[in-house]
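Engineer: Take this structure first; my questions come after.
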Amino acid sequence: MKPTAETPVLTEQRADSGATPGRPASASRRGHGLAPRGTGHVPESPMFEGRFGRMFRRLPPLVLSEAEIIDLAGRMVERSPGDPGMDNPDVPSGYTFLGQFIDHDITHDPSPLQVQRNDPDALTNFRSPFFDLDSVYGRGPADQPYLYDDHNPGRFLVTSRDGQLDLQRNAQESAIIPDPRNDENLFVTHLQLTLQLFHNKVLDRLPQLRESGEVPEEDDFAAAQRIVRWHYQWVVIHDFLRRVVGEETFADVLHSVPSTGRGRAVERPDLRHYRWRNNPFMPVEFSVAAYRFAHSMVRARYKFNTSVPELPIFTAEPIAESDPLTHLGGARALPPGWQIEWRRSFPLGTDGVGPAPSRAIDPYLAPPLTELPEEAAEGIASLARRNLTRGVSLGLPSGQAVARAMGVQPLADSQLEAPRRGAAPLWYYILRESEVLEGGRRLGPVGGRIVAEVFLGLLAADSSSYLSNDPGWKPTLEGDREGDFTMPDLIRFTGFGLGEV
């Protein structure tokens with residue numbers, strides 16, 4: 001849409017000038033796109049620590065009226081959800097859900113309910129988010145023994161039902177896992193299961209790994225957990241992150257530099273905008289805007305395996321009243337014949353069927369995300385409207401303001417194609433930037449830099465990560481290429497989800 005003389009210009013104002021108030025998040029364990037606890041009040045002060053904070057503390061918030069939010073959200077809908085021209089051939093569809101799984105890992109809050117009530121804003125005194133798989137391991141077998149197998153110490157207890165594997169579940173079919181969000185849909189359910197099986201397989205292989213000298217003197221569980229975590233961290237950075245930000249941004253943020261003497265080259269992140277003083281925080285520019293790019297990558301329907309027809313993740317009717325065979329929502333035992341075929345989601349190099357692509361990173365969401373069920377999105381069914389409302393409620397700056405602060409030339413009004421000229425919401429800007437500058441195949445310079453810096457900053461801040469302990473480390477488990485390890489390699493290592501169903 002080209003601007004006209006009658007098109008009003010949006011301005012960036014202070015939060016007390018009429019921002020749309022946010023809605024309280026649903027208490028449902030099945031909520032989709034809910035705000036992590038703590039984002040209800042993000043400090044305006046220049047705090048550099050706490051659970052949530054800001055990367056660009058001096059930028060003024062963008063204010064939109066509710067009518068403007070509704071107008072923009074209404075335009076952010078795919079008009080041709082089956083059009084292959086809107087696919088992203090560079091990112092297979094499984095990485096959309098791997099991104100969701102990663103989000104659950106770094107935003108997990110293990111605080112007991114009473115602490116949450118005493119500190120509803122969660123600004124301080126909570127552990128920093130790391131890529132440590134606490135959404136899988138919980139607090140370990142000593143403190144949460146019900147997650148583990150009594151007959152095979154240190155191994156996760158995996159259920160076999162109707163000839164297929166599933167997560168442990170109680171009598172009401174709720175998954176017995178540390179983070180219930182990892183049972184929101186059947187893709188992330190199977191990712192949780194795959195990581196459990198990965199740990200079990202590493203533990204089985206530990207005697208051979210010890211003989212090769214690749215494992216330091218640790219007890220078996222700690223050794224397996226470290227191997228799993230480091231290989232998972234490598235997947236997060238060198239497979240997932242590299243794909244979604246592109247090679248140029250990736251190389252600009254993560255440098256491989258020679259070590260002193262004749263040692264191996266080591267990895268050093270270059271963090272220009274994400275900094276902290278004592279403990280890393282979760283920037284709202286990341287959690288409420290940049291990392292929500294994957295919402296646009298969701299397909300309207302997915303082919304889960306050979307037997308199950310193409311289905312949406314959600315249906316509009318209440319989950320409790322919906323036919324469980326008409327959608328891929330989670331929080332239920334797997335129906336017979338519903339084991340995943342990972343070859344349809346990740347490039348496993350198998351003959352025949354390959355992975356479906358994700359959708360392009362652009363400002364258009366699949367129709368099912370505009371009509372979320374009430375249990376998943378209380379009050380506002382449109383995910384786009386929810387995201388835009390949350391951004392305004394938390395006082396996010398405009399995309400143009402963030403671009404200028406990063407030294408990036410902002411998109412012009414004619415490139416943004418927003419319903420109003422001028423300042424655009426950061427989330428919308430990042431999606432449009434990807435479409436205009438990268439053809440929807442990867443994030444642009446603003447979105448990609450924010451995501452890359454936060455990922456690498458969190459990894460560098462984790463004293464137990466490979467980047468902190470051994471920045472020259474390379475994966476040791478077998479992969480398609482020596483010294484590398486990808487999500488397809490992890491799946492092949494477990495042997496799970498490789499057959500036809």
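Each chain in the structure tokens gets a letter, A, B, ..., in the order shown, and its residues are numbered from 1; ligands are numbered from 1 in order too.
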Would you tabulate, counting only C-alpha atoms, all residues of segment 167-210 of chain A that have an atom at most 9 Å from an atom of segment 340-351 of chain A, showing the closest pair of atoms and their distance in Å to one decimal, sorted by chain then ascending number, as a Markdown table?
Structural biologist:
| residue | atom | partner | partner_atom | distance |
| --- | --- | --- | --- | --- |
| A:Leu186 | CA | A:Ile340 | CA | 8.4 |
| A:Phe187 | CA | A:Ile340 | CA | 7.9 |
| A:His190 | CA | A:Ile340 | CA | 7.1 |
Engineer: To test your reading of the structure, identify every residue in segment 194-276 of chain A that backbone DSSP assigns to helix (DSSP H, G or I), and report it as a PyMOL selection string.
Structural biologist: chain A and resi 194-211+220-253
Engineer: Using DSSP assignments from the backbone, pull out every residue in segment 43-226 of chain A that falls under strand (DSSP E) and give it to me as a PyMOL selection string.
Structural biologist: chain A and resi 52-53+87-92+159-161+164-166
Engineer: Just write the chosen residues, N, CA, C and O atoms, as a PDB file, in the first residue's frame.
Structural biologist:
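Output file part_15.pdb follows:
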ATOM      1  N   PHE A  52      13.559 -10.596  32.887  1.00  0.00           N
ATOM      2  CA  PHE A  52      13.291  -9.924  31.621  1.00  0.00           C
ATOM      3  C   PHE A  52      13.876  -8.520  31.657  1.00  0.00           C
ATOM      4  O   PHE A  52      13.942  -7.895  32.702  1.00  0.00           O
ATOM      5  N   GLY A  53      14.281  -8.044  30.518  1.00  0.00           N
ATOM      6  CA  GLY A  53      14.849  -6.707  30.423  1.00  0.00           C
ATOM      7  C   GLY A  53      14.784  -6.225  28.987  1.00  0.00           C
ATOM      8  O   GLY A  53      14.092  -6.802  28.156  1.00  0.00           O
ATOM      9  N   ASP A  87       6.275 -20.987   0.101  1.00  0.00           N
ATOM     10  CA  ASP A  87       7.091 -21.877   0.926  1.00  0.00           C
ATOM     11  C   ASP A  87       8.509 -21.338   1.057  1.00  0.00           C
ATOM     12  O   ASP A  87       8.958 -20.504   0.259  1.00  0.00           O
ATOM     13  N   ASN A  88       9.217 -21.842   2.070  1.00  0.00           N
ATOM     14  CA  ASN A  88      10.626 -21.512   2.276  1.00  0.00           C
ATOM     15  C   ASN A  88      11.443 -22.781   2.071  1.00  0.00           C
ATOM     16  O   ASN A  88      11.549 -23.609   2.982  1.00  0.00           O
ATOM     17  N   PRO A  89      12.036 -22.977   0.888  1.00  0.00           N
ATOM     18  CA  PRO A  89      12.750 -24.226   0.612  1.00  0.00           C
ATOM     19  C   PRO A  89      14.024 -24.396   1.422  1.00  0.00           C
ATOM     20  O   PRO A  89      14.572 -25.503   1.472  1.00  0.00           O
ATOM     21  N   ASP A  90      14.503 -23.339   2.065  1.00  0.00           N
ATOM     22  CA  ASP A  90      15.751 -23.419   2.823  1.00  0.00           C
ATOM     23  C   ASP A  90      15.564 -23.936   4.252  1.00  0.00           C
ATOM     24  O   ASP A  90      16.541 -24.303   4.912  1.00  0.00           O
ATOM     25  N   VAL A  91      14.331 -23.943   4.743  1.00  0.00           N
ATOM     26  CA  VAL A  91      14.081 -24.358   6.129  1.00  0.00           C
ATOM     27  C   VAL A  91      12.982 -25.417   6.145  1.00  0.00           C
ATOM     28  O   VAL A  91      11.801 -25.095   5.999  1.00  0.00           O
ATOM     29  N   PRO A  92      13.327 -26.691   6.303  1.00  0.00           N
ATOM     30  CA  PRO A  92      12.307 -27.733   6.395  1.00  0.00           C
ATOM     31  C   PRO A  92      11.354 -27.487   7.565  1.00  0.00           C
ATOM     32  O   PRO A  92      11.710 -26.855   8.569  1.00  0.00           O
ATOM     33  N   THR A 159       7.074 -44.658  27.587  1.00  0.00           N
ATOM     34  CA  THR A 159       5.923 -45.545  27.540  1.00  0.00           C
ATOM     35  C   THR A 159       5.753 -46.146  26.150  1.00  0.00           C
ATOM     36  O   THR A 159       5.925 -45.451  25.142  1.00  0.00           O
ATOM     37  N   SER A 160       5.431 -47.430  26.111  1.00  0.00           N
ATOM     38  CA  SER A 160       5.063 -48.090  24.857  1.00  0.00           C
ATOM     39  C   SER A 160       3.592 -48.456  24.946  1.00  0.00           C
ATOM     40  O   SER A 160       3.157 -49.148  25.867  1.00  0.00           O
ATOM     41  N   ARG A 161       2.830 -47.925  23.984  1.00  0.00           N
ATOM     42  CA  ARG A 161       1.378 -48.153  23.999  1.00  0.00           C
ATOM     43  C   ARG A 161       0.903 -48.369  22.566  1.00  0.00           C
ATOM     44  O   ARG A 161       1.243 -47.598  21.674  1.00  0.00           O
ATOM     45  N   GLN A 164       3.519 -48.288  19.873  1.00  0.00           N
ATOM     46  CA  GLN A 164       4.251 -47.059  19.564  1.00  0.00           C
ATOM     47  C   GLN A 164       4.699 -46.388  20.856  1.00  0.00           C
ATOM     48  O   GLN A 164       4.105 -46.594  21.923  1.00  0.00           O
ATOM     49  N   LEU A 165       5.738 -45.583  20.765  1.00  0.00           N
ATOM     50  CA  LEU A 165       6.296 -44.922  21.938  1.00  0.00           C
ATOM     51  C   LEU A 165       5.564 -43.617  22.201  1.00  0.00           C
ATOM     52  O   LEU A 165       5.128 -42.926  21.287  1.00  0.00           O
ATOM     53  N   ASP A 166       5.458 -43.267  23.487  1.00  0.00           N
ATOM     54  CA  ASP A 166       4.804 -42.022  23.886  1.00  0.00           C
ATOM     55  C   ASP A 166       5.437 -41.552  25.183  1.00  0.00           C
ATOM     56  O   ASP A 166       6.152 -42.292  25.874  1.00  0.00           O
TER      57      ASP A 166
END
Engineer: Smallest atom-to-atom distance to Ala461 of chain A: which of A:Glu317, A:Asp204, A:Asp132, A:Asp105, using only C-alpha atoms?
Structural biologist: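 Closest to Ala461 of chain A of all the choices is A:Asp132.
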Engineer: Find the residues around Leu72 of chain A up to 10 Å (only C-alpha atoms counted), leave out those fewer than 5 positions away in its own chain, and share them as a ChimeraX atom specification.
Structural biologist: /A:66-67,77,363,384-385,388,418-420,424-425,428
Engineer: Okay, now the selection with C-alpha atoms, as a compact mmCIF listing (two decimals), in the first residue's frame?
Structural biologist:
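Okay, this is what ended up in out.txt:
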# COMPACT_ATOMS: atom_id res chain seq x y z
CA GLU A 66 -6.75 -1.11 19.60
CA ALA A 67 -8.39 -0.27 16.27
CA VAL A 77 -3.40 -13.63 7.16
CA PRO A 363 3.91 -10.94 7.74
CA ALA A 384 -1.29 -11.82 15.22
CA ARG A 385 -3.50 -9.58 17.31
CA LEU A 388 0.81 -7.00 18.45
CA ALA A 418 1.59 -1.24 6.58
CA PRO A 419 -1.92 0.26 6.76
CA ARG A 420 -0.40 3.47 8.21
CA ALA A 424 5.70 0.02 12.59
CA PRO A 425 5.49 -2.61 15.36
CA TYR A 428 5.68 -6.81 12.00
Engineer: Env of Phe493 of chain A: 12 Å cut, atoms = only C-alpha atoms, seq-sep filter 6 positions within chain, self excluded. Answer as a list in words.
Structural biologist: Thr194, Leu195, Leu197, Phe198, His199, Asn200, Lys201, Val202, Asp204, Arg205, Val228, His231, Leu348, Leu477, Glu478, Gly479, Asp480, Phe485, Thr486 and Met487 of chain A
Engineer: Could you tell me how far atom CA of Leu62 of chain A sits from atom CA of Gly395 of chain A, in Å to one decimal place?
Structural biologist: 6.4 Å
Engineer: A:Phe56, A:Tyr137, A:Phe101, A:Tyr466: which is nearest Phe240 of chain A, counting only C-alpha atoms?
Structural biologist: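 Of A:Phe56, A:Tyr137, A:Phe101, A:Tyr466, the one nearest Phe240 of chain A is A:Phe101, counting only C-alpha atoms.
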Engineer: Tell me which of A:Val257, A:Leu437, A:Ile491, A:Ile106 sits closest to Arg51 of chain A, counting only C-alpha atoms.
Structural biologist: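 Between A:Val257, A:Leu437, A:Ile491, A:Ile106, the residue approaching Arg51 of chain A most closely is A:Ile106.
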Engineer: Please, what distance in Å, to one decimal, runs between atom CA of Met76 of chain A and atom CA of Leu383 of chain A?
Structural biologist: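 Spanning atom CA of Met76 of chain A to atom CA of Leu383 of chain A is a straight-line distance of 9.8 Å.
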Engineer: When you count only C-alpha atoms, which of these residues is closest to Ser296 of chain A: A:Gln192, A:Asn278, A:Ser434, A:Gln144?
Structural biologist: A:Ser434
